[in-house]
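Peer 1: Just so it is clear, I am handing over model-v2.tsv, which has TSV, C-alpha atoms.
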```tsv
chain	number	residue	atom	x	y	z
Q	48	MET	CA	58.92	112.39	-13.12
Q	49	ALA	CA	57.95	115.84	-14.33
Q	50	ASP	CA	60.99	117.94	-15.18
Q	51	ARG	CA	59.45	120.96	-13.49
Q	52	VAL	CA	56.23	121.58	-11.50
Q	53	THR	CA	54.93	125.10	-11.08
Q	54	VAL	CA	51.91	125.81	-8.91
Q	55	ILE	CA	50.14	129.01	-9.91
Q	56	GLY	CA	47.69	130.76	-7.65
Q	57	TRP	CA	44.80	132.54	-9.33
Q	58	ASP	CA	42.65	135.18	-7.65
Q	59	GLY	CA	40.75	136.45	-10.70
Q	60	SER	CA	43.29	139.09	-11.62
Q	61	PRO	CA	45.46	138.87	-14.80
Q	62	LEU	CA	48.25	136.34	-14.58
Q	63	THR	CA	51.73	137.65	-13.81
Q	64	ASP	CA	54.53	137.42	-16.35
Q	65	ALA	CA	56.07	134.56	-14.34
Q	66	ALA	CA	52.78	132.68	-14.36
Q	67	ARG	CA	52.26	133.24	-18.10
Q	68	SER	CA	55.77	132.03	-18.87
Q	69	ALA	CA	55.37	128.84	-16.84
Q	70	LEU	CA	51.93	128.14	-18.27
Q	71	GLY	CA	53.07	128.74	-21.85
Q	72	ALA	CA	55.81	126.11	-21.48
Q	73	ALA	CA	53.57	123.50	-19.84
Q	74	THR	CA	53.00	120.08	-21.38
Q	75	LEU	CA	50.56	119.13	-18.60
Q	76	VAL	CA	48.09	121.46	-16.84
Q	77	ALA	CA	45.99	120.47	-13.84
Q	78	GLY	CA	43.22	122.59	-12.37
Q	79	ALA	CA	39.51	123.09	-11.91
Q	80	ALA	CA	37.27	123.53	-14.95
Q	81	HIS	CA	37.45	127.33	-14.83
Q	82	HIS	CA	41.26	127.17	-14.67
Q	83	LEU	CA	41.54	124.84	-17.66
Q	84	ALA	CA	39.32	127.24	-19.63
Q	85	LEU	CA	41.81	130.11	-19.27
Q	86	PRO	CA	43.06	131.27	-22.71
Q	87	GLU	CA	46.69	131.02	-21.52
Q	88	VAL	CA	46.49	127.22	-21.23
Q	89	PRO	CA	48.43	125.74	-24.20
Q	90	PRO	CA	46.02	123.94	-26.54
Q	91	ARG	CA	48.30	120.91	-26.92
Q	92	ALA	CA	48.99	120.44	-23.21
Q	93	GLU	CA	47.54	117.42	-21.45
Q	94	ARG	CA	44.75	118.57	-19.14
Q	95	ILE	CA	43.81	117.03	-15.78
Q	96	ARG	CA	40.61	118.03	-14.04
Q	97	LEU	CA	41.69	118.61	-10.43
Q	98	GLY	CA	39.47	116.61	-8.09
Q	99	SER	CA	41.70	114.52	-5.86
Q	100	VAL	CA	45.04	116.33	-5.47
Q	101	ALA	CA	46.70	113.05	-4.50
Q	102	LEU	CA	45.62	111.39	-7.79
Q	103	ALA	CA	46.81	114.40	-9.74
Q	104	ALA	CA	50.15	114.33	-7.91
Q	105	ARG	CA	50.67	110.69	-8.88
Q	106	ARG	CA	49.89	111.49	-12.50
Q	107	ILE	CA	52.26	114.48	-12.48
Q	108	ALA	CA	55.01	112.33	-10.94
Q	109	GLN	CA	54.70	109.95	-13.94
Q	110	HIS	CA	54.69	112.76	-16.52
Q	111	ARG	CA	57.78	113.49	-18.62
Q	112	GLY	CA	57.71	117.20	-19.31
Q	113	THR	CA	56.74	120.44	-17.65
Q	114	ALA	CA	53.67	120.50	-15.39
Q	115	VAL	CA	51.58	123.40	-14.09
Q	116	VAL	CA	48.95	123.17	-11.38
Q	117	LEU	CA	46.41	126.01	-11.17
Q	118	ALA	CA	44.63	126.69	-7.88
Q	119	ASP	CA	42.44	129.43	-6.49
Q	120	GLY	CA	44.02	131.98	-4.16
Q	121	ASP	CA	47.34	131.28	-2.49
Q	122	PRO	CA	48.05	127.57	-3.12
Q	123	GLY	CA	50.39	127.45	-0.11
Q	124	PHE	CA	47.65	128.49	2.31
Q	125	PHE	CA	45.44	125.46	3.01
Q	126	GLY	CA	46.05	124.57	-0.63
Q	127	VAL	CA	47.57	122.02	-2.98
Q	128	VAL	CA	51.23	122.73	-2.21
Q	129	ARG	CA	51.23	120.60	0.95
Q	130	THR	CA	50.06	117.49	-0.93
Q	131	LEU	CA	52.31	118.06	-3.92
Q	132	ARG	CA	55.35	118.37	-1.66
Q	133	ALA	CA	54.68	115.06	0.09
Q	134	PRO	CA	57.85	112.89	-0.01
Q	135	GLU	CA	56.17	109.97	-1.75
Q	136	TYR	CA	55.74	111.98	-4.98
Q	137	GLY	CA	59.32	113.28	-5.15
Q	138	LEU	CA	58.26	116.51	-6.87
Q	139	GLU	CA	60.28	119.71	-6.95
Q	140	VAL	CA	57.69	122.46	-6.70
Q	141	GLU	CA	57.88	126.16	-7.54
Q	142	VAL	CA	55.03	128.40	-6.40
Q	143	VAL	CA	53.64	131.58	-7.95
Q	144	PRO	CA	51.28	132.85	-5.23
Q	145	ALA	CA	48.18	135.00	-5.44
Q	146	VAL	CA	46.02	136.77	-2.90
Q	147	SER	CA	44.44	134.14	-0.64
Q	148	SER	CA	40.67	133.95	-0.50
Q	149	VAL	CA	40.84	134.76	3.21
Q	150	ALA	CA	42.82	137.95	2.59
Q	151	ALA	CA	40.41	138.86	-0.22
Q	152	ALA	CA	37.37	138.24	1.97
Q	153	PHE	CA	38.65	140.49	4.76
Q	154	ALA	CA	39.59	143.13	2.20
Q	155	ARG	CA	36.05	143.10	0.80
Q	156	ALA	CA	34.72	143.42	4.34
Q	157	GLY	CA	37.17	146.23	5.14
Q	158	MET	CA	38.36	144.43	8.26
Q	159	PRO	CA	41.80	143.60	9.70
Q	160	TRP	CA	42.45	139.89	10.03
Q	161	ASP	CA	45.62	139.44	12.04
Q	162	ASP	CA	43.37	138.75	15.05
Q	163	ALA	CA	41.26	136.12	13.26
Q	164	ARG	CA	41.28	132.36	13.64
Q	165	ILE	CA	41.23	130.54	10.30
Q	166	VAL	CA	39.69	127.11	9.89
Q	167	VAL	CA	38.83	124.75	7.07
Q	168	ALA	CA	35.36	123.20	7.17
Q	169	HIS	CA	34.63	119.74	5.77
Q	170	SER	CA	31.35	117.90	6.13
Q	171	ARG	CA	33.06	115.05	8.00
Q	172	ASP	CA	34.31	117.28	10.82
Q	173	LEU	CA	32.33	120.50	10.51
Q	174	ARG	CA	31.60	120.56	14.24
Q	175	ARG	CA	35.23	121.34	15.04
Q	176	ALA	CA	35.12	124.45	12.84
Q	177	VAL	CA	31.84	125.40	14.51
Q	178	ASN	CA	33.44	125.00	17.95
Q	179	VAL	CA	36.14	127.49	16.98
Q	180	CYS	CA	33.39	129.91	15.93
Q	181	ARG	CA	31.74	129.41	19.32
Q	182	ALA	CA	34.97	130.10	21.20
Q	183	HIS	CA	36.44	133.06	19.31
Q	184	THR	CA	35.24	136.50	18.28
Q	185	LYS	CA	36.54	136.52	14.70
Q	186	VAL	CA	36.92	133.40	12.57
Q	187	ALA	CA	37.38	132.93	8.83
Q	188	VAL	CA	35.92	129.66	7.58
Q	189	LEU	CA	37.09	128.16	4.30
Q	190	THR	CA	33.99	126.20	3.41
Q	191	SER	CA	33.37	123.19	1.19
Q	192	PRO	CA	30.27	121.56	-0.34
Q	193	GLY	CA	28.10	120.26	2.49
Q	194	ALA	CA	29.94	122.42	5.00
Q	195	GLY	CA	28.94	125.91	3.97
Q	196	PRO	CA	27.27	128.95	5.54
Q	197	ALA	CA	23.90	127.25	6.02
Q	198	GLU	CA	25.40	124.23	7.78
Q	199	LEU	CA	27.57	126.48	9.96
Q	200	ALA	CA	24.53	128.49	10.98
Q	201	LEU	CA	22.49	125.40	11.86
Q	202	LEU	CA	25.20	124.02	14.14
Q	203	LEU	CA	25.66	127.43	15.80
Q	204	ASP	CA	22.06	127.30	17.01
Q	205	GLY	CA	21.75	129.32	20.20
Q	206	VAL	CA	24.95	131.31	19.61
Q	207	HIS	CA	24.46	134.70	17.94
Q	208	ARG	CA	27.06	135.64	15.34
Q	209	THR	CA	27.29	137.91	12.29
Q	210	PHE	CA	28.22	136.24	9.00
Q	211	VAL	CA	30.08	137.99	6.19
Q	212	ILE	CA	29.65	135.56	3.28
Q	213	CYS	CA	31.92	136.09	0.27
Q	214	GLU	CA	30.87	134.06	-2.76
Q	215	GLU	CA	33.00	133.38	-5.85
Q	216	LEU	CA	35.68	135.91	-5.00
Q	217	GLY	CA	37.66	137.25	-7.96
Q	218	THR	CA	35.01	136.38	-10.54
Q	219	ASP	CA	32.33	138.47	-12.23
Q	220	ARG	CA	29.80	136.64	-10.02
Q	221	GLU	CA	31.45	137.79	-6.80
Q	222	GLN	CA	29.00	138.75	-4.06
Q	223	VAL	CA	29.39	139.77	-0.41
Q	224	THR	CA	26.45	139.37	1.97
Q	225	VAL	CA	26.25	140.41	5.63
Q	226	LEU	CA	23.55	138.88	7.82
Q	227	THR	CA	23.03	137.30	11.23
Q	228	SER	CA	23.74	133.62	11.66
Q	229	ASP	CA	20.09	132.74	12.28
Q	230	LYS	CA	19.25	133.97	8.75
Q	231	ALA	CA	22.09	132.20	6.92
Q	232	ALA	CA	20.38	128.80	6.92
Q	233	ASP	CA	17.47	130.21	4.86
Q	234	HIS	CA	19.61	130.80	1.75
Q	235	VAL	CA	21.35	128.72	-0.90
Q	236	TRP	CA	24.98	129.85	-1.24
Q	237	ARG	CA	27.27	129.46	-4.23
Q	238	ASP	CA	30.60	127.64	-4.01
Q	239	PRO	CA	33.34	128.52	-3.50
Q	240	ASN	CA	32.78	130.87	-0.60
Q	241	VAL	CA	34.50	132.14	2.52
Q	242	VAL	CA	32.57	133.00	5.69
Q	243	ILE	CA	33.82	135.54	8.20
Q	244	VAL	CA	32.12	134.81	11.53
Q	245	VAL	CA	32.13	137.73	13.95
Q	246	GLY	CA	30.51	138.12	17.34
Q	247	GLY	CA	30.70	137.93	21.09
Q	248	SER	CA	32.54	140.32	23.34
Q	249	PRO	CA	36.23	139.92	24.22
Q	250	GLY	CA	35.59	141.69	27.52
Q	251	GLY	CA	37.54	144.50	29.10
Q	252	ALA	CA	38.23	147.78	27.36
Q	253	ALA	CA	37.95	148.23	23.62
Q	254	ALA	CA	40.89	146.92	21.65
Q	255	GLN	CA	43.54	149.52	20.98
Q	256	GLY	CA	46.72	149.48	18.97
Q	257	THR	CA	48.10	146.42	17.24
Q	258	GLY	CA	48.79	142.91	18.34
Q	259	TRP	CA	51.98	140.89	18.04
Q	260	LEU	CA	50.73	137.33	17.49
Q	261	ALA	CA	48.37	136.36	14.68
Q	262	GLY	CA	45.10	134.72	15.68
Q	263	HIS	CA	44.78	136.48	19.05
Q	264	GLU	CA	42.40	139.31	19.89
Q	265	VAL	CA	44.14	142.64	19.46
Q	266	GLY	CA	44.65	144.76	22.54
Q	267	HIS	CA	43.59	142.10	25.03
Q	268	PRO	CA	45.96	140.18	27.27
Q	269	THR	CA	45.62	136.43	27.40
Q	270	GLY	CA	44.60	136.68	31.06
Q	271	PRO	CA	46.45	135.76	34.22
Q	272	ARG	CA	49.50	133.59	33.73
Q	273	GLY	CA	48.99	129.89	34.40
Q	274	TRP	CA	45.85	127.86	35.00
Q	275	GLY	CA	44.21	126.29	38.01
Q	276	LEU	CA	43.90	129.85	39.28
Q	277	PRO	CA	43.20	130.56	42.96
Q	278	ALA	CA	39.76	131.52	44.20
Q	279	ARG	CA	40.60	135.24	44.29
Q	280	ALA	CA	40.86	135.22	40.49
Q	281	TYR	CA	37.16	134.31	40.41
Q	282	GLY	CA	35.80	136.68	43.00
Q	283	GLY	CA	37.02	134.86	46.07
Q	284	VAL	CA	34.05	132.52	46.64
Q	285	LEU	CA	33.96	129.10	44.99
Q	286	GLY	CA	31.55	126.26	45.65
Q	287	GLU	CA	32.24	122.76	46.88
Q	288	GLY	CA	34.06	120.80	44.20
Q	289	GLU	CA	35.69	123.91	42.70
Q	290	SER	CA	38.89	123.97	44.71
Q	291	VAL	CA	42.01	124.89	42.80
Q	292	GLN	CA	43.56	121.45	43.38
Q	293	LEU	CA	40.51	119.51	42.14
Q	294	ARG	CA	39.91	121.88	39.24
Q	295	THR	CA	43.54	121.63	38.15
Q	296	ALA	CA	43.41	117.83	38.17
Q	297	GLN	CA	40.12	117.79	36.26
Q	298	LEU	CA	41.37	120.13	33.54
Q	299	ALA	CA	44.60	118.14	33.21
Q	300	ARG	CA	42.60	114.98	32.51
Q	301	LEU	CA	40.14	116.68	30.15
Q	302	GLY	CA	42.84	118.47	28.13
Q	303	PRO	CA	40.50	120.99	26.43
Q	304	GLN	CA	41.89	122.44	23.22
Q	305	VAL	CA	40.96	124.48	20.17
Q	306	GLY	CA	38.19	122.76	18.21
Q	307	ASP	CA	36.77	120.94	21.25
Q	308	LEU	CA	33.38	121.45	22.82
Q	309	VAL	CA	33.39	121.17	26.61
Q	310	TRP	CA	30.29	120.60	28.70
Q	311	ASP	CA	30.63	121.94	32.24
Q	312	ILE	CA	27.58	120.59	34.03
Q	313	GLY	CA	26.84	122.08	37.42
Q	314	THR	CA	29.23	124.90	36.61
Q	315	GLY	CA	28.80	126.59	40.01
Q	316	ALA	CA	30.83	129.79	40.08
Q	317	GLY	CA	32.11	129.11	36.56
Q	318	ALA	CA	35.82	128.78	37.35
Q	319	ALA	CA	36.31	125.49	35.47
Q	320	ALA	CA	34.25	126.72	32.49
Q	321	VAL	CA	36.29	129.90	32.18
Q	322	GLU	CA	39.59	128.05	32.44
Q	323	ALA	CA	38.54	125.55	29.76
Q	324	ALA	CA	37.64	128.50	27.52
Q	325	ARG	CA	41.05	130.06	28.17
Q	326	PHE	CA	42.58	126.98	26.50
Q	327	GLY	CA	40.70	127.97	23.33
Q	328	ALA	CA	37.94	125.36	23.58
Q	329	ALA	CA	34.25	126.08	23.08
Q	330	VAL	CA	32.38	125.72	26.36
Q	331	ILE	CA	28.74	125.24	27.32
Q	332	ALA	CA	28.25	125.88	31.03
Q	333	VAL	CA	25.08	124.37	32.48
Q	334	ASP	CA	23.54	125.08	35.87
Q	335	ALA	CA	20.08	124.90	37.44
Q	336	ALA	CA	20.69	127.99	39.58
Q	337	PRO	CA	20.07	131.35	37.84
Q	338	GLU	CA	22.61	133.10	40.04
Q	339	SER	CA	25.31	130.60	38.99
Q	340	CYS	CA	24.51	131.22	35.33
Q	341	GLU	CA	24.68	134.98	35.81
Q	342	ARG	CA	27.96	134.77	37.69
Q	343	THR	CA	29.51	132.47	35.09
Q	344	ALA	CA	28.54	134.83	32.26
Q	345	ALA	CA	29.99	137.80	34.16
Q	346	LEU	CA	33.17	135.88	34.92
Q	347	ALA	CA	33.61	135.01	31.24
Q	348	ARG	CA	33.27	138.67	30.28
Q	349	ARG	CA	35.80	139.68	32.91
Q	350	HIS	CA	38.33	137.13	31.67
Q	351	GLY	CA	37.67	137.92	28.00
Q	352	VAL	CA	36.54	134.46	26.89
Q	353	GLN	CA	33.55	133.20	24.93
Q	354	LEU	CA	31.24	130.60	26.41
Q	355	GLN	CA	27.56	129.74	26.25
Q	356	VAL	CA	25.62	129.60	29.50
Q	357	VAL	CA	22.55	127.34	29.61
Q	358	HIS	CA	20.12	127.56	32.49
Q	359	GLY	CA	18.44	124.25	33.22
Q	360	ARG	CA	18.55	121.04	35.16
Q	361	ALA	CA	20.58	118.08	33.95
Q	362	PRO	CA	20.11	115.52	32.55
Q	363	GLN	CA	16.93	116.81	30.83
Q	364	ILE	CA	18.56	120.02	29.57
Q	365	LEU	CA	21.37	118.07	27.91
Q	366	GLU	CA	19.17	116.47	25.26
Q	367	ASP	CA	19.28	119.46	22.89
Q	368	LEU	CA	22.95	120.39	23.36
Q	369	PRO	CA	25.48	119.71	20.58
Q	370	GLU	CA	27.80	116.74	20.98
Q	371	PRO	CA	30.64	117.28	23.48
Q	372	ASP	CA	34.25	116.20	23.17
Q	373	VAL	CA	34.93	116.23	26.92
Q	374	VAL	CA	32.65	116.69	29.93
Q	375	ARG	CA	33.10	117.89	33.48
Q	376	VAL	CA	30.26	116.91	35.81
Q	377	GLY	CA	30.32	119.23	38.79
Q	378	GLY	CA	27.05	117.93	40.17
Q	379	GLY	CA	24.09	115.71	39.44
Q	380	GLY	CA	25.34	112.29	40.44
Q	381	VAL	CA	24.88	108.97	38.70
Q	382	GLU	CA	21.91	110.07	36.59
Q	383	VAL	CA	23.86	112.90	34.96
Q	384	VAL	CA	27.03	110.83	34.47
Q	385	THR	CA	24.98	108.10	32.79
Q	386	ALA	CA	23.35	110.63	30.45
Q	387	CYS	CA	26.74	112.09	29.55
Q	388	ALA	CA	28.24	108.66	28.88
Q	389	ALA	CA	25.40	107.96	26.46
Q	390	ARG	CA	26.62	110.90	24.32
Q	391	ARG	CA	30.07	109.24	24.05
Q	392	PRO	CA	32.46	112.13	24.72
Q	393	GLU	CA	36.13	111.21	24.70
Q	394	ARG	CA	36.55	111.93	28.42
Q	395	ILE	CA	34.37	112.56	31.45
Q	396	VAL	CA	35.54	113.78	34.86
Q	397	THR	CA	33.56	114.08	38.06
Q	398	HIS	CA	34.14	113.90	41.80
Q	399	ALA	CA	32.66	112.41	44.95
Q	400	ALA	CA	32.82	113.21	48.65
Q	401	THR	CA	32.47	109.60	49.88
Q	402	ARG	CA	33.73	106.20	48.77
Q	403	ASP	CA	30.19	104.87	48.27
Q	404	GLU	CA	29.39	107.79	45.98
Q	405	ALA	CA	32.67	107.29	44.13
Q	406	GLU	CA	31.93	103.60	43.57
Q	407	ALA	CA	28.47	104.40	42.22
Q	408	LEU	CA	29.86	107.00	39.80
Q	409	GLY	CA	32.63	104.61	38.75
Q	410	ARG	CA	30.08	101.89	37.94
Q	411	ALA	CA	28.05	104.36	35.87
Q	412	LEU	CA	31.13	105.27	33.84
Q	413	ALA	CA	32.16	101.64	33.38
Q	414	ASP	CA	28.64	100.61	32.35
Q	415	GLY	CA	28.71	103.44	29.82
Q	416	GLY	CA	31.79	102.02	28.11
Q	417	TYR	CA	34.57	103.94	29.86
Q	418	ASP	CA	37.82	102.91	31.46
Q	419	VAL	CA	37.68	104.36	34.95
Q	420	GLU	CA	40.46	105.90	36.99
Q	421	CYS	CA	39.94	107.09	40.57
Q	422	ALA	CA	42.29	109.04	42.81
Q	423	LEU	CA	41.84	110.24	46.37
Q	424	LEU	CA	43.02	113.83	46.49
Q	425	GLN	CA	43.91	115.42	49.80
Q	426	SER	CA	45.02	119.03	49.99
Q	427	VAL	CA	45.88	121.21	52.96
Q	428	ASP	CA	45.69	124.97	52.75
Q	429	LEU	CA	48.35	126.54	54.96
Q	430	ASP	CA	48.48	129.95	56.55
Q	431	THR	CA	52.06	130.92	55.63
Q	432	SER	CA	52.24	133.68	58.22
Q	433	ALA	CA	52.23	131.05	60.97
Q	434	TRP	CA	52.62	127.85	58.89
Q	435	VAL	CA	49.54	126.32	60.42
Q	436	GLU	CA	46.76	124.40	58.74
Q	437	ARG	CA	43.92	126.61	57.64
Q	438	GLU	CA	41.72	124.21	55.68
Q	439	ARG	CA	41.84	120.54	54.64
Q	440	SER	CA	40.02	119.01	51.68
Q	441	VAL	CA	39.59	115.35	50.75
Q	442	VAL	CA	37.80	114.33	47.54
Q	443	PHE	CA	37.60	111.39	45.13
Q	444	LEU	CA	38.46	112.34	41.54
Q	445	LEU	CA	36.96	110.05	38.89
Q	446	SER	CA	38.04	110.10	35.26
Q	447	GLY	CA	36.41	108.14	32.47
Q	448	TYR	CA	38.23	107.43	29.22
Q	449	ARG	CA	36.11	106.22	26.31
Q	450	VAL	CA	36.88	102.65	25.29
Q	451	PRO	CA	37.32	102.56	21.50
Q	452	HIS	CA	35.01	100.26	19.59
Q	453	PRO	CA	36.74	97.08	18.37
```
Take the structure in this file and express it as C-alpha cells.
Peer 2:
Amino acid sequence: MADRVTVIGWDGSPLTDAARSALGAATLVAGAAHHLALPEVPPRAERIRLGSVALAARRIAQHRGTAVVLADGDPGFFGVVRTLRAPEYGLEVEVVPAVSSVAAAFARAGMPWDDARIVVAHSRDLRRAVNVCRAHTKVAVLTSPGAGPAELALLLDGVHRTFVICEELGTDREQVTVLTSDKAADHVWRDPNVVIVVGGSPGGAAAQGTGWLAGHEVGHPTGPRGWGLPARAYGGVLGEGESVQLRTAQLARLGPQVGDLVWDIGTGAGAAAVEAARFGAAVIAVDAAPESCERTAALARRHGVQLQVVHGRAPQILEDLPEPDVVRVGGGGVEVVTACAARRPERIVTHAATRDEAEALGRALADGGYDVECALLQSVDLDTSAWVERERSVVFLLSGYRVPHP
C-alpha cells in the first residue's frame, strides 16, 4: 500500500506550497495528460494516465512509496476523492483542494450560485440531468464527452433556457459563451466544460435577500406546507378525478422526485402537475382544452414551479414527448393508457368511475407489461359546523408497476 496519498486539485493557478511539497516527494503521480506535463512532476516518478479512477486506485494501493493524484478543480466535489476513499482500497487520503469548476464558472458569469442545482451529466443517463434543467431555474451541469452542451440543448427541445458555457476553465484556452439553448446544438464545444442553465420564472415577487439552504431559489418560500393540498389552494374549482384524496393517493404511488420526468395527461386544473413539480420533478402537463392549459400554466407561476404545458389530444400528442419516468392519466381511457404503457415508464396511475371501466384499464396495463393494483377509494366530505355529510366520492384507483425484463 502507498505510504501516503495526496490528492491535489488544480484550477490553472500556481500550485500552493503544500501541493508543491507533496508533488516533489511523490514516487507515483496519477493524472490527466495536462497534469502529468506540469513541470513540478518529478522526472523519476512513475506516471499513471488517469482514465478509470478505480484502476488507478488499485494501482496506487499496490504501490510502495508516496503517491499523488492530480485532478481538475476541487477533487472532493464530484471528483476522485470518493472513489479513492472506498473501503476496498484501504487508502489514507489527504486533499489539497482548489476552486471547483462550478465555482469558477459562476464567478466568470458574475452570478451567485447558492440557489443553483448541480448535476453531473453522463451519456448513459443524460436525461436525468436534463429533467433537472426542466424543473429548476438555475442549474450547473458538469458535462462529459457525449453529454455536453449540444446534447443538453437537443433534449431540452421545447423548453427555452439560456446557456452559459464555460470551456477549459483555468487554461489559456478558456472561453465563456452565452447563448439560448436552441442555438447550442449548432456548435462544437471543447471539453472539459461546465454549462450554467438559466431560465423560467420562479413566480411571485422578485427574489430579495439571501437564502438559507443551498440549491433552493433565493427569496421564495417552498410553497404551502404539505401535499395533497385542498381545492382552495388551486383556485377552489377542481375537475372530476382531481379530488384531494385521489390526487394524494396517485402522487404517493408515483413518487415523483428530482431527476424524474412526469407526464400528467388530462391535467385538468393542473393540481396534480403542480404538486409533482413541487417534489422537484420535471413535469409535462398535457390537455386538449386550451383553458386547462392556460390555467395550469398560471397555477404553476403562482406556486413558483417550473413545468411545460402541451396543448393537444392524447395519445397522438404523446409521440413527440421525451420519455417519462412516471405517468398520471387523468383522462383518455384505454387508448391513452395503452400508448403510455408502450413508452415503458416505471409507474402509471389512472382512475375509473365504474368497475367495467376499471377492469378495461387494468387489462390495458397488464397487457402492456405492468403489475396492476386496484383500490376502491371512498371519501366523505363533512361539514364540520354541523358534522353532516356534504359530499361523497367513490372512485377506482389503478396503479401499474412495470414488470422488469427477465
Peer 1: Check the smallest atom-to-atom distance from each of Q:Thr184, Q:Thr130, Q:Asn240, Q:Gln353 to Q:Arg220 using all atoms listed in the file, then report the winner.
Peer 2: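 The shortest atom-to-atom distance to Q:Arg220 comes from Q:Asn240.
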Peer 1: Which one of Q:Ala108, Q:Val244, Q:Val441, Q:Ala150 sits closest to Q:Glu135 if you count all atoms listed in the file?
Peer 2: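 Closest to Q:Glu135, using all atoms listed in the file: Q:Ala108.
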Peer 1: Counting all atoms listed in the file, which residues have an atom no more than 10 Å from (47.2, 115.5, -23.7) in the file's coordinates? Please list them as a count of residues only.
Peer 2: 9
Peer 1: So, with all atoms listed in the file as the atoms that count, which of Q:Thr314, Q:Gln304, Q:Thr397, Q:Ser60 lies closest to Q:Val146?
Peer 2: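 Checking each of Q:Thr314, Q:Gln304, Q:Thr397, Q:Ser60 against Q:Val146, counting all atoms listed in the file, the winner is Q:Ser60.
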Peer 1: What lies within 7 Å of stretch 222-225 of chain Q using all atoms listed in the file, ignoring chain neighbours under 2 positions off, as a VMD selection string?
Peer 2: chain Q and resid 210 to 215 220
Peer 1: Only C-alpha atoms, please: the residues just picked out, written as a compact mmCIF listing (two decimals), keeping the file's coordinate frame.
Peer 2:
```txt
# COMPACT_ATOMS: atom_id res chain seq x y z
CA PHE Q 210 28.22 136.24 9.00
CA VAL Q 211 30.08 137.99 6.19
CA ILE Q 212 29.65 135.56 3.28
CA CYS Q 213 31.92 136.09 0.27
CA GLU Q 214 30.87 134.06 -2.76
CA GLU Q 215 33.00 133.38 -5.85
CA ARG Q 220 29.80 136.64 -10.02
```
Peer 1: Counting only C-alpha atoms, which of Q:Val373, Q:Val435, Q:Ala405, Q:Leu423 gets nearest to Q:Tyr448?
Peer 2: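 Among the listed residues, the smallest separation from Q:Tyr448 belongs to Q:Val373.
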Peer 1: In the coordinate frame of the file, compute which residues have an atom within 6 Å of (42.3, 126.7, 44.0) when using only C-alpha atoms, and state them as JSON, numbers by chain.
Peer 2: {"Q": [276, 277, 278, 290, 291, 292]}
Peer 1: I'd like to know which of Q:Val330, Q:Ala232, Q:Val143, Q:Leu216 is closest to Q:Pro371, using all atoms listed in the file.
Peer 2: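 So, comparing all the options, the nearest one is Q:Val330.
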